[in-house]
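Raw contents of target32.pdb, PDB, C-alpha atoms and all ligand atoms:
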ATOM      1  CA  MET Q   5       0.000   0.000   0.000
ATOM      2  CA  LEU Q   6       1.226   3.491  -0.910
ATOM      3  CA  ASP Q   7       4.600   2.165  -2.076
ATOM      4  CA  HIS Q   8       5.556   5.716  -3.017
ATOM      5  CA  LEU Q   9       5.810   6.572   0.708
ATOM      6  CA  PRO Q  10       8.556   5.453   3.113
ATOM      7  CA  ASP Q  11       7.994   2.771   5.761
ATOM      8  CA  GLY Q  12       6.686   4.295   8.973
ATOM      9  CA  PHE Q  13       5.120   7.216   7.116
ATOM     10  CA  THR Q  14       3.143   9.962   8.834
ATOM     11  CA  ALA Q  15      -0.480  10.430   7.777
ATOM     12  CA  LEU Q  16      -3.237  12.857   8.663
ATOM     13  CA  VAL Q  17      -6.960  12.279   8.095
ATOM     14  CA  THR Q  18      -9.402  15.188   8.455
ATOM     15  CA  GLY Q  19     -13.137  14.547   8.651
ATOM     16  CA  ALA Q  20     -12.153  11.354  10.456
ATOM     17  CA  GLY Q  21     -15.574  11.127  12.113
ATOM     18  CA  GLY Q  22     -17.357  10.995   8.760
ATOM     19  CA  GLY Q  23     -18.265   7.873   6.817
ATOM     20  CA  ILE Q  24     -15.380   7.877   4.359
ATOM     21  CA  GLY Q  25     -12.890   9.514   6.735
ATOM     22  CA  SER Q  26     -13.404   6.896   9.453
ATOM     23  CA  ALA Q  27     -13.144   4.059   6.911
ATOM     24  CA  MET Q  28      -9.887   5.575   5.654
ATOM     25  CA  VAL Q  29      -8.502   5.647   9.196
ATOM     26  CA  GLU Q  30      -9.314   1.934   9.572
ATOM     27  CA  ALA Q  31      -7.808   1.099   6.177
ATOM     28  CA  LEU Q  32      -4.589   2.937   7.034
ATOM     29  CA  LEU Q  33      -4.329   1.249  10.421
ATOM     30  CA  ASP Q  34      -4.609  -2.125   8.682
ATOM     31  CA  SER Q  35      -1.189  -1.411   7.200
ATOM     32  CA  PRO Q  36       2.005  -1.861   9.233
ATOM     33  CA  ARG Q  37       3.621   0.760   6.992
ATOM     34  CA  VAL Q  38       1.853   3.629   8.749
ATOM     35  CA  GLY Q  39       4.072   5.007  11.504
ATOM     36  CA  GLN Q  40       1.945   7.815  12.883
ATOM     37  CA  LEU Q  41      -1.650   8.723  12.146
ATOM     38  CA  LEU Q  42      -3.148  12.025  13.172
ATOM     39  CA  VAL Q  43      -6.937  11.632  13.334
ATOM     40  CA  VAL Q  44      -8.804  14.945  13.214
ATOM     41  CA  SER Q  45     -12.507  15.242  13.951
ATOM     42  CA  ARG Q  46     -15.042  17.393  15.779
ATOM     43  CA  THR Q  47     -16.012  14.263  17.692
ATOM     44  CA  GLU Q  48     -13.906  12.229  20.121
ATOM     45  CA  ARG Q  49     -12.250   9.319  18.271
ATOM     46  CA  PHE Q  50     -10.915   6.248  20.107
ATOM     47  CA  HIS Q  51      -8.438   3.856  18.501
ATOM     48  CA  ASP Q  52      -6.663   1.110  20.346
ATOM     49  CA  ASP Q  53      -3.483   1.712  18.407
ATOM     50  CA  GLU Q  54      -0.457   3.594  19.709
ATOM     51  CA  ARG Q  55       0.225   5.017  16.252
ATOM     52  CA  VAL Q  56      -2.898   7.174  16.501
ATOM     53  CA  THR Q  57      -2.880  10.749  17.764
ATOM     54  CA  PRO Q  58      -6.521  11.861  18.011
ATOM     55  CA  LEU Q  59      -7.284  15.560  17.806
ATOM     56  CA  LYS Q  60     -10.784  16.811  18.593
ATOM     57  CA  VAL Q  61     -11.101  20.135  16.789
ATOM     58  CA  ASP Q  62     -13.305  21.800  14.197
ATOM     59  CA  ILE Q  63     -11.029  21.950  11.182
ATOM     60  CA  THR Q  64     -13.241  24.603   9.565
ATOM     61  CA  THR Q  65     -12.061  27.122  12.179
ATOM     62  CA  LYS Q  66      -8.690  28.861  12.361
ATOM     63  CA  GLU Q  67      -8.222  27.492  15.901
ATOM     64  CA  GLY Q  68      -8.779  23.953  14.615
ATOM     65  CA  ILE Q  69      -6.308  24.331  11.768
ATOM     66  CA  ASP Q  70      -3.719  25.954  14.027
ATOM     67  CA  ALA Q  71      -4.070  23.046  16.488
ATOM     68  CA  VAL Q  72      -3.250  20.549  13.729
ATOM     69  CA  ALA Q  73      -0.216  22.590  12.669
ATOM     70  CA  ARG Q  74       0.952  22.703  16.299
ATOM     71  CA  VAL Q  75       0.888  18.896  16.550
ATOM     72  CA  LEU Q  76       2.974  18.504  13.397
ATOM     73  CA  GLN Q  77       5.354  21.397  14.186
ATOM     74  CA  GLY Q  78       6.659  21.409  10.640
ATOM     75  CA  ARG Q  79       7.704  17.741  10.728
ATOM     76  CA  PRO Q  80       7.387  16.041   7.323
ATOM     77  CA  LEU Q  81       3.868  14.856   6.510
ATOM     78  CA  HIS Q  82       3.631  12.077   3.915
ATOM     79  CA  LEU Q  83      -0.123  11.697   3.447
ATOM     80  CA  LEU Q  84      -2.865  14.225   3.984
ATOM     81  CA  PHE Q  85      -6.291  12.714   3.318
ATOM     82  CA  ASN Q  86      -9.032  15.317   3.551
ATOM     83  CA  ALA Q  87     -12.523  13.858   3.938
ATOM     84  CA  VAL Q  88     -14.278  17.018   5.122
ATOM     85  CA  GLY Q  89     -17.323  18.087   3.165
ATOM     86  CA  THR Q  90     -20.916  19.206   3.501
ATOM     87  CA  LEU Q  91     -23.975  18.895   1.270
ATOM     88  CA  HIS Q  92     -26.857  19.385   3.685
ATOM     89  CA  ASP Q  93     -26.937  20.761   7.208
ATOM     90  CA  HIS Q  94     -30.332  21.481   8.701
ATOM     91  CA  GLU Q  95     -28.928  23.563  11.574
ATOM     92  CA  GLN Q  96     -26.986  25.790   9.190
ATOM     93  CA  GLY Q  97     -29.888  26.056   6.735
ATOM     94  CA  VAL Q  98     -27.895  24.206   4.059
ATOM     95  CA  ALA Q  99     -29.752  22.002   1.570
ATOM     96  CA  PRO Q 100     -28.897  21.271  -2.074
ATOM     97  CA  GLU Q 101     -30.919  23.538  -4.344
ATOM     98  CA  LYS Q 102     -33.255  22.108  -6.978
ATOM     99  CA  ARG Q 103     -34.274  25.473  -8.410
ATOM    100  CA  LEU Q 104     -32.814  28.961  -8.761
ATOM    101  CA  GLU Q 105     -35.202  30.454  -6.201
ATOM    102  CA  GLN Q 106     -33.797  28.135  -3.506
ATOM    103  CA  PHE Q 107     -30.360  29.728  -3.752
ATOM    104  CA  ASP Q 108     -29.404  31.360  -0.452
ATOM    105  CA  VAL Q 109     -26.229  33.400  -0.118
ATOM    106  CA  SER Q 110     -25.492  32.510   3.501
ATOM    107  CA  ALA Q 111     -25.928  28.768   2.833
ATOM    108  CA  PHE Q 112     -23.725  29.129  -0.259
ATOM    109  CA  THR Q 113     -21.060  30.913   1.791
ATOM    110  CA  ARG Q 114     -21.140  28.155   4.414
ATOM    111  CA  VAL Q 115     -20.753  25.386   1.834
ATOM    112  CA  MET Q 116     -17.918  27.239   0.105
ATOM    113  CA  HIS Q 117     -16.184  27.702   3.439
ATOM    114  CA  VAL Q 118     -16.345  24.013   4.417
ATOM    115  CA  ASN Q 119     -15.766  22.429   1.018
ATOM    116  CA  ALA Q 120     -13.372  24.838  -0.704
ATOM    117  CA  ALA Q 121     -11.711  27.300   1.681
ATOM    118  CA  THR Q 122     -11.049  24.785   4.459
ATOM    119  CA  PRO Q 123      -8.948  22.332   2.409
ATOM    120  CA  LEU Q 124      -6.846  25.195   1.051
ATOM    121  CA  ARG Q 125      -6.445  26.785   4.469
ATOM    122  CA  LEU Q 126      -5.214  23.403   5.683
ATOM    123  CA  LEU Q 127      -2.496  23.406   3.026
ATOM    124  CA  THR Q 128      -1.543  26.944   4.003
ATOM    125  CA  ALA Q 129      -1.173  26.032   7.677
ATOM    126  CA  LEU Q 130       0.683  22.782   6.981
ATOM    127  CA  ASN Q 131       2.975  24.207   4.321
ATOM    128  CA  GLY Q 132       6.018  23.629   6.540
ATOM    129  CA  SER Q 133       5.211  19.887   6.716
ATOM    130  CA  LEU Q 134       4.502  19.587   2.999
ATOM    131  CA  LYS Q 135       7.556  21.301   1.562
ATOM    132  CA  GLY Q 136      10.932  19.595   1.495
ATOM    133  CA  SER Q 137      12.217  16.587  -0.380
ATOM    134  CA  HIS Q 138      10.114  13.793   1.133
ATOM    135  CA  PRO Q 139       7.413  11.906  -0.818
ATOM    136  CA  CYS Q 140       4.119  13.614  -0.028
ATOM    137  CA  ILE Q 141       0.533  12.966  -1.133
ATOM    138  CA  VAL Q 142      -2.367  15.360  -0.623
ATOM    139  CA  ALA Q 143      -5.657  13.627  -1.448
ATOM    140  CA  SER Q 144      -8.757  15.745  -0.992
ATOM    141  CA  LEU Q 145     -12.279  14.481  -1.537
ATOM    142  CA  SER Q 146     -14.129  16.302  -4.268
ATOM    143  CA  ALA Q 147     -17.213  15.093  -6.170
ATOM    144  CA  ARG Q 148     -17.947  14.379  -9.809
ATOM    145  CA  VAL Q 149     -20.760  16.951  -9.657
ATOM    146  CA  GLY Q 150     -18.010  19.563  -9.221
ATOM    147  CA  SER Q 151     -16.921  18.909 -12.792
ATOM    148  CA  ILE Q 152     -18.080  21.801 -14.983
ATOM    149  CA  GLY Q 153     -17.619  19.750 -18.169
ATOM    150  CA  ASP Q 154     -19.622  16.825 -16.777
ATOM    151  CA  ASN Q 155     -22.586  18.910 -15.545
ATOM    152  CA  GLY Q 156     -25.491  17.407 -17.470
ATOM    153  CA  PHE Q 157     -28.251  17.604 -14.845
ATOM    154  CA  GLY Q 158     -27.957  21.008 -13.145
ATOM    155  CA  GLY Q 159     -29.175  21.680  -9.603
ATOM    156  CA  TRP Q 160     -27.148  21.608  -6.367
ATOM    157  CA  TYR Q 161     -25.704  25.059  -7.150
ATOM    158  CA  SER Q 162     -23.745  25.584  -3.954
ATOM    159  CA  TYR Q 163     -22.316  22.072  -3.657
ATOM    160  CA  ARG Q 164     -21.326  21.951  -7.339
ATOM    161  CA  ALA Q 165     -19.725  25.388  -7.155
ATOM    162  CA  SER Q 166     -17.890  24.547  -3.931
ATOM    163  CA  LYS Q 167     -16.395  21.381  -5.410
ATOM    164  CA  ALA Q 168     -15.435  23.205  -8.627
ATOM    165  CA  ALA Q 169     -13.748  25.840  -6.443
ATOM    166  CA  HIS Q 170     -12.122  23.074  -4.384
ATOM    167  CA  ASN Q 171     -10.682  21.611  -7.559
ATOM    168  CA  MET Q 172      -9.360  24.942  -8.806
ATOM    169  CA  LEU Q 173      -7.755  25.679  -5.448
ATOM    170  CA  MET Q 174      -6.125  22.227  -5.278
ATOM    171  CA  LYS Q 175      -4.896  22.490  -8.878
ATOM    172  CA  THR Q 176      -3.430  25.918  -8.176
ATOM    173  CA  ALA Q 177      -1.812  24.742  -4.945
ATOM    174  CA  ALA Q 178      -0.396  21.727  -6.782
ATOM    175  CA  ILE Q 179       1.551  24.055  -9.068
ATOM    176  CA  GLU Q 180       3.037  25.999  -6.164
ATOM    177  CA  LEU Q 181       3.706  22.929  -4.013
ATOM    178  CA  ALA Q 182       5.541  21.194  -6.864
ATOM    179  CA  ARG Q 183       8.123  23.987  -6.616
ATOM    180  CA  LEU Q 184       8.461  23.404  -2.870
ATOM    181  CA  ASN Q 185       8.628  19.620  -3.032
ATOM    182  CA  GLU Q 186       9.434  17.746  -6.243
ATOM    183  CA  GLN Q 187       7.849  14.597  -4.822
ATOM    184  CA  MET Q 188       4.494  16.236  -4.136
ATOM    185  CA  ILE Q 189       1.298  14.655  -5.510
ATOM    186  CA  VAL Q 190      -1.921  16.646  -5.065
ATOM    187  CA  LEU Q 191      -5.104  14.799  -6.044
ATOM    188  CA  CYS Q 192      -8.822  15.601  -6.140
ATOM    189  CA  LEU Q 193     -10.812  12.384  -5.715
ATOM    190  CA  HIS Q 194     -14.426  11.396  -6.364
ATOM    191  CA  PRO Q 195     -15.380   8.516  -4.059
ATOM    192  CA  GLY Q 196     -18.512   7.410  -5.915
ATOM    193  CA  THR Q 197     -21.878   7.394  -4.183
ATOM    194  CA  THR Q 198     -21.072   6.087  -0.735
ATOM    195  CA  ASP Q 199     -23.400   5.049   2.059
ATOM    196  CA  THR Q 200     -22.746   7.859   4.550
ATOM    197  CA  ALA Q 201     -24.713  10.586   6.336
ATOM    198  CA  LEU Q 202     -23.912  12.952   3.467
ATOM    199  CA  SER Q 203     -25.582  10.831   0.777
ATOM    200  CA  GLN Q 204     -28.288   9.349   3.031
ATOM    201  CA  PRO Q 205     -31.193  11.625   1.939
ATOM    202  CA  PHE Q 206     -30.395  10.988  -1.745
ATOM    203  CA  GLN Q 207     -29.923   7.214  -1.772
ATOM    204  CA  ALA Q 208     -33.481   6.200  -2.735
ATOM    205  CA  ARG Q 209     -32.848   6.353  -6.480
ATOM    206  CA  VAL Q 210     -29.334   4.924  -6.355
ATOM    207  CA  PRO Q 211     -29.174   1.285  -7.560
ATOM    208  CA  LYS Q 212     -27.876  -1.030  -4.835
ATOM    209  CA  ASP Q 213     -24.721  -1.935  -6.769
ATOM    210  CA  LYS Q 214     -23.909   1.783  -7.222
ATOM    211  CA  LEU Q 215     -24.057   2.578  -3.512
ATOM    212  CA  PHE Q 216     -20.671   1.701  -2.074
ATOM    213  CA  THR Q 217     -19.695   0.924   1.499
ATOM    214  CA  PRO Q 218     -17.189   3.355   3.032
ATOM    215  CA  ALA Q 219     -14.736   0.467   3.519
ATOM    216  CA  PHE Q 220     -14.877  -0.412  -0.190
ATOM    217  CA  VAL Q 221     -14.341   3.238  -1.138
ATOM    218  CA  ALA Q 222     -11.397   3.668   1.238
ATOM    219  CA  GLY Q 223      -9.703   0.632  -0.302
ATOM    220  CA  ARG Q 224     -10.399   1.833  -3.854
ATOM    221  CA  LEU Q 225      -9.120   5.340  -3.149
ATOM    222  CA  LEU Q 226      -5.899   3.976  -1.660
ATOM    223  CA  THR Q 227      -5.391   1.969  -4.860
ATOM    224  CA  VAL Q 228      -6.067   5.039  -7.010
ATOM    225  CA  ILE Q 229      -3.659   7.133  -4.923
ATOM    226  CA  ASP Q 230      -1.057   4.372  -5.127
ATOM    227  CA  GLN Q 231      -1.133   4.493  -8.924
ATOM    228  CA  ARG Q 232      -0.287   8.206  -9.096
ATOM    229  CA  ARG Q 233       3.175   9.725  -9.451
ATOM    230  CA  PRO Q 234       4.483  13.299  -9.023
ATOM    231  CA  GLU Q 235       3.862  13.988 -12.736
ATOM    232  CA  ASP Q 236       0.127  13.411 -11.996
ATOM    233  CA  THR Q 237      -0.027  16.217  -9.450
ATOM    234  CA  GLY Q 238      -3.011  18.538  -9.811
ATOM    235  CA  SER Q 239      -5.432  16.002 -11.281
ATOM    236  CA  PHE Q 240      -8.956  14.696 -10.647
ATOM    237  CA  TRP Q 241      -9.784  10.965 -10.428
ATOM    238  CA  ASP Q 242     -12.722   8.776  -9.593
ATOM    239  CA  TRP Q 243     -12.802   5.721  -7.319
ATOM    240  CA  ALA Q 244     -12.295   3.409 -10.308
ATOM    241  CA  GLY Q 245      -9.043   5.103 -11.314
ATOM    242  CA  GLU Q 246     -10.549   6.986 -14.272
ATOM    243  CA  PRO Q 247      -9.634  10.656 -14.766
ATOM    244  CA  ILE Q 248     -12.502  13.181 -14.526
ATOM    245  CA  GLU Q 249     -12.643  16.281 -16.704
ATOM    246  CA  TRP Q 250     -12.515  19.580 -14.826
TER     247      TRP Q 250
HETATM  248  N1  LIG R   1     -20.918  10.034   0.282
HETATM  249  C1  LIG R   1     -20.933  10.293  -1.009
HETATM  250  O1  LIG R   1     -21.728   9.683  -1.772
HETATM  251  C2  LIG R   1     -19.978  11.279  -1.624
HETATM  252  C3  LIG R   1     -20.000  11.450  -3.020
HETATM  253  C4  LIG R   1     -19.122  12.374  -3.593
HETATM  254  C5  LIG R   1     -18.261  13.092  -2.798
HETATM  255  N2  LIG R   1     -18.269  12.917  -1.437
HETATM  256  C6  LIG R   1     -17.345  13.731  -0.625
HETATM  257  O2  LIG R   1     -16.620  12.908   0.276
HETATM  258  C7  LIG R   1     -16.292  13.650   1.447
HETATM  259  C8  LIG R   1     -16.648  12.826   2.682
HETATM  260  O3  LIG R   1     -18.057  12.678   2.720
HETATM  261  P1  LIG R   1     -18.817  11.531   3.540
HETATM  262  O4  LIG R   1     -19.713  10.897   2.571
HETATM  263  O5  LIG R   1     -17.874  10.715   4.318
HETATM  264  O6  LIG R   1     -19.729  12.456   4.477
HETATM  265  P2  LIG R   1     -19.912  12.519   6.046
HETATM  266  O7  LIG R   1     -20.065  11.161   6.614
HETATM  267  O8  LIG R   1     -21.006  13.494   6.250
HETATM  268  O9  LIG R   1     -18.521  13.116   6.560
HETATM  269  C9  LIG R   1     -18.120  14.433   6.283
HETATM  270  C10 LIG R   1     -17.300  14.963   7.439
HETATM  271  O10 LIG R   1     -16.889  16.301   7.121
HETATM  272  C11 LIG R   1     -16.814  17.052   8.307
HETATM  273  N3  LIG R   1     -17.763  18.179   8.226
HETATM  274  C12 LIG R   1     -18.898  18.233   7.515
HETATM  275  N4  LIG R   1     -19.526  19.413   7.712
HETATM  276  C13 LIG R   1     -18.756  20.101   8.558
HETATM  277  C14 LIG R   1     -18.870  21.380   9.150
HETATM  278  N5  LIG R   1     -19.906  22.193   8.897
HETATM  279  N6  LIG R   1     -17.910  21.778   9.995
HETATM  280  C15 LIG R   1     -16.870  20.971  10.279
HETATM  281  N7  LIG R   1     -16.690  19.748   9.733
HETATM  282  C16 LIG R   1     -17.633  19.315   8.886
HETATM  283  C17 LIG R   1     -17.216  16.152   9.458
HETATM  284  O11 LIG R   1     -16.049  15.567   9.986
HETATM  285  P3  LIG R   1     -15.920  15.229  11.569
HETATM  286  O12 LIG R   1     -17.180  14.525  11.922
HETATM  287  O13 LIG R   1     -14.747  14.341  11.630
HETATM  288  O14 LIG R   1     -15.737  16.517  12.276
HETATM  289  C18 LIG R   1     -18.061  15.111   8.744
HETATM  290  O15 LIG R   1     -18.171  13.933   9.489
HETATM  291  C19 LIG R   1     -17.021  14.995   1.322
HETATM  292  O16 LIG R   1     -16.121  15.968   0.851
HETATM  293  C20 LIG R   1     -18.072  14.737   0.258
HETATM  294  O17 LIG R   1     -18.422  15.910  -0.452
HETATM  295  C21 LIG R   1     -19.107  12.020  -0.834
END
Written as structure tokens, how would this file's structure read?
Amino acid sequence: MLDHLPDGFTALVTGAGGGIGSAMVEALLDSPRVGQLLVVSRTERFHDDERVTPLKVDITTKEGIDAVARVLQGRPLHLLFNAVGTLHDHEQGVAPEKRLEQFDVSAFTRVMHVNAATPLRLLTALNGSLKGSHPCIVASLSARVGSIGDNGFGGWYSYRASKAAHNMLMKTAAIELARLNEQMIVLCLHPGTTDTALSQPFQARVPKDKLFTPAFVAGRLLTVIDQRRPEDTGSFWDWAGEPIEW
């Protein structure tokens, strides 16, 4: 697994309390090659594994991001897997729009903050751990609906726009980070429709064989990541290992 990275590598998973994030933590801990795993979530996470450092913070706040940077203290980070994302949030008044008149600026701003600004702010704060000469992979969960070229159905204005912005920010960061670390690989990943809280309200019309378990997706995404090399940095892939148009 992740042959590109050295034995005993250091990994960080954000959104580790979510469906895909928690499955990724389990998948990483299945490998003896992981040396240290920083598990970041708003909820308390317990793992009976001395390699785990749990951190209970809200990564969408500056305090949360600063706390993660403090734990790493500029030490080399080999894998950053970002599984933070929002599509609906009753308390915050966020719901995917079906029609133009449902568009709400404050909900849009919230979704942009969580899905687009937060992953980039994370890279900003962890820059000291990303730059250098060590192999380093940044894998951030996007969504196929964030592809402008692939948008055949419309709707979900805020979520689509936030994932398109996420992709642009990651692509742009990939260019800068390649100058700071020649071994850097920055990837935007589409997990496929996965059985989590995020997709739960929209699963009714998804055929059973198209609704993946988080464990399956975590395994697939690790395979897709494994197949990438530094020359692939700044690209967008689905769970099956197929590239997605921007
Ligand atoms: N499930 C799907 O079908 C699907 C399809 C395409 C793309 N994706 C993408 O995959 C990623 C992971 O989604 P998932 O399906 O695993 O969803 P999930 O179970 O809802 O997990 C998302 C996690 O993101 C963090 N988060 C969400 N809203 C937040 C907020 N307002 N403030 C702070 N943290 C927040 C939380 O992490 P903590 O609980 O750890 O704090 C949450 O558990 C997302 O980026 C999503 O857009 C999912």
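In this model, the gap between CA of Asp11 in chain Q and CA of Trp241 in chain Q comes to 25.4 Å.
Between CA of Val44 in chain Q and CA of Lys167 in chain Q the interatomic distance comes to 21.1 Å.
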Open item on the list: Ranking Q:Asp53, Q:Asp213, Q:Asp154, Q:Asp62 by minimum distance to ligand LIG 1 (chain R) and counting all atoms listed in the file, which one comes first?
Closed with: Q:Asp62
Draw an axis-aligned box tight on the listed atoms of ligand LIG 1 (chain R), then pad every side by 8 Å and write out centre and edge lengths in Å to one decimal as JSON.
{"center_x": -18.2, "center_y": 15.9, "center_z": 4.3, "size_x": 23.0, "size_y": 28.5, "size_z": 31.9}
Can I get the residues close to ligand LIG 1 (chain R) as a compact mmCIF listing (two decimals) with C-alpha atoms, in the frame of the given file, where close means within 7 Å and we count only C-alpha atoms and all ligand atoms?
# COMPACT_ATOMS: atom_id res chain seq x y z
CA THR Q 18 -9.40 15.19 8.46
CA GLY Q 19 -13.14 14.55 8.65
CA ALA Q 20 -12.15 11.35 10.46
CA GLY Q 21 -15.57 11.13 12.11
CA GLY Q 22 -17.36 11.00 8.76
CA GLY Q 23 -18.26 7.87 6.82
CA ILE Q 24 -15.38 7.88 4.36
CA GLY Q 25 -12.89 9.51 6.74
CA VAL Q 44 -8.80 14.94 13.21
CA SER Q 45 -12.51 15.24 13.95
CA ARG Q 46 -15.04 17.39 15.78
CA THR Q 47 -16.01 14.26 17.69
CA ASP Q 62 -13.30 21.80 14.20
CA ILE Q 63 -11.03 21.95 11.18
CA THR Q 64 -13.24 24.60 9.56
CA ALA Q 87 -12.52 13.86 3.94
CA VAL Q 88 -14.28 17.02 5.12
CA GLY Q 89 -17.32 18.09 3.16
CA THR Q 90 -20.92 19.21 3.50
CA LEU Q 91 -23.98 18.90 1.27
CA VAL Q 118 -16.34 24.01 4.42
CA ASN Q 119 -15.77 22.43 1.02
CA LEU Q 145 -12.28 14.48 -1.54
CA SER Q 146 -14.13 16.30 -4.27
CA ALA Q 147 -17.21 15.09 -6.17
CA ARG Q 148 -17.95 14.38 -9.81
CA HIS Q 194 -14.43 11.40 -6.36
CA PRO Q 195 -15.38 8.52 -4.06
CA GLY Q 196 -18.51 7.41 -5.92
CA THR Q 197 -21.88 7.39 -4.18
CA THR Q 198 -21.07 6.09 -0.74
CA ASP Q 199 -23.40 5.05 2.06
CA THR Q 200 -22.75 7.86 4.55
CA ALA Q 201 -24.71 10.59 6.34
CA LEU Q 202 -23.91 12.95 3.47
CA SER Q 203 -25.58 10.83 0.78
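Closest approach to Leu33 in chain Q among Q:His8, Q:Val109, Q:Ala222, Q:Pro139 is made by Q:Ala222 (distances from all atoms listed in the file).
In this structure, CA of Thr227 in chain Q sits 26.5 Å away from CA of Leu59 in chain Q.
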I need range 190-215 of chain Q from the structure I supplied, saved as a short mmCIF file (atom, residue, chain, number, x, y, z; two decimals), in the first residue's frame with C-alpha atoms retained.
data_model
loop_
_atom_site.label_atom_id
_atom_site.label_comp_id
_atom_site.auth_asym_id
_atom_site.auth_seq_id
_atom_site.Cartn_x
_atom_site.Cartn_y
_atom_site.Cartn_z
CA VAL Q 190 -1.92 16.65 -5.07
CA LEU Q 191 -5.10 14.80 -6.04
CA CYS Q 192 -8.82 15.60 -6.14
CA LEU Q 193 -10.81 12.38 -5.71
CA HIS Q 194 -14.43 11.40 -6.36
CA PRO Q 195 -15.38 8.52 -4.06
CA GLY Q 196 -18.51 7.41 -5.92
CA THR Q 197 -21.88 7.39 -4.18
CA THR Q 198 -21.07 6.09 -0.74
CA ASP Q 199 -23.40 5.05 2.06
CA THR Q 200 -22.75 7.86 4.55
CA ALA Q 201 -24.71 10.59 6.34
CA LEU Q 202 -23.91 12.95 3.47
CA SER Q 203 -25.58 10.83 0.78
CA GLN Q 204 -28.29 9.35 3.03
CA PRO Q 205 -31.19 11.62 1.94
CA PHE Q 206 -30.40 10.99 -1.74
CA GLN Q 207 -29.92 7.21 -1.77
CA ALA Q 208 -33.48 6.20 -2.74
CA ARG Q 209 -32.85 6.35 -6.48
CA VAL Q 210 -29.33 4.92 -6.36
CA PRO Q 211 -29.17 1.29 -7.56
CA LYS Q 212 -27.88 -1.03 -4.83
CA ASP Q 213 -24.72 -1.93 -6.77
CA LYS Q 214 -23.91 1.78 -7.22
CA LEU Q 215 -24.06 2.58 -3.51
#
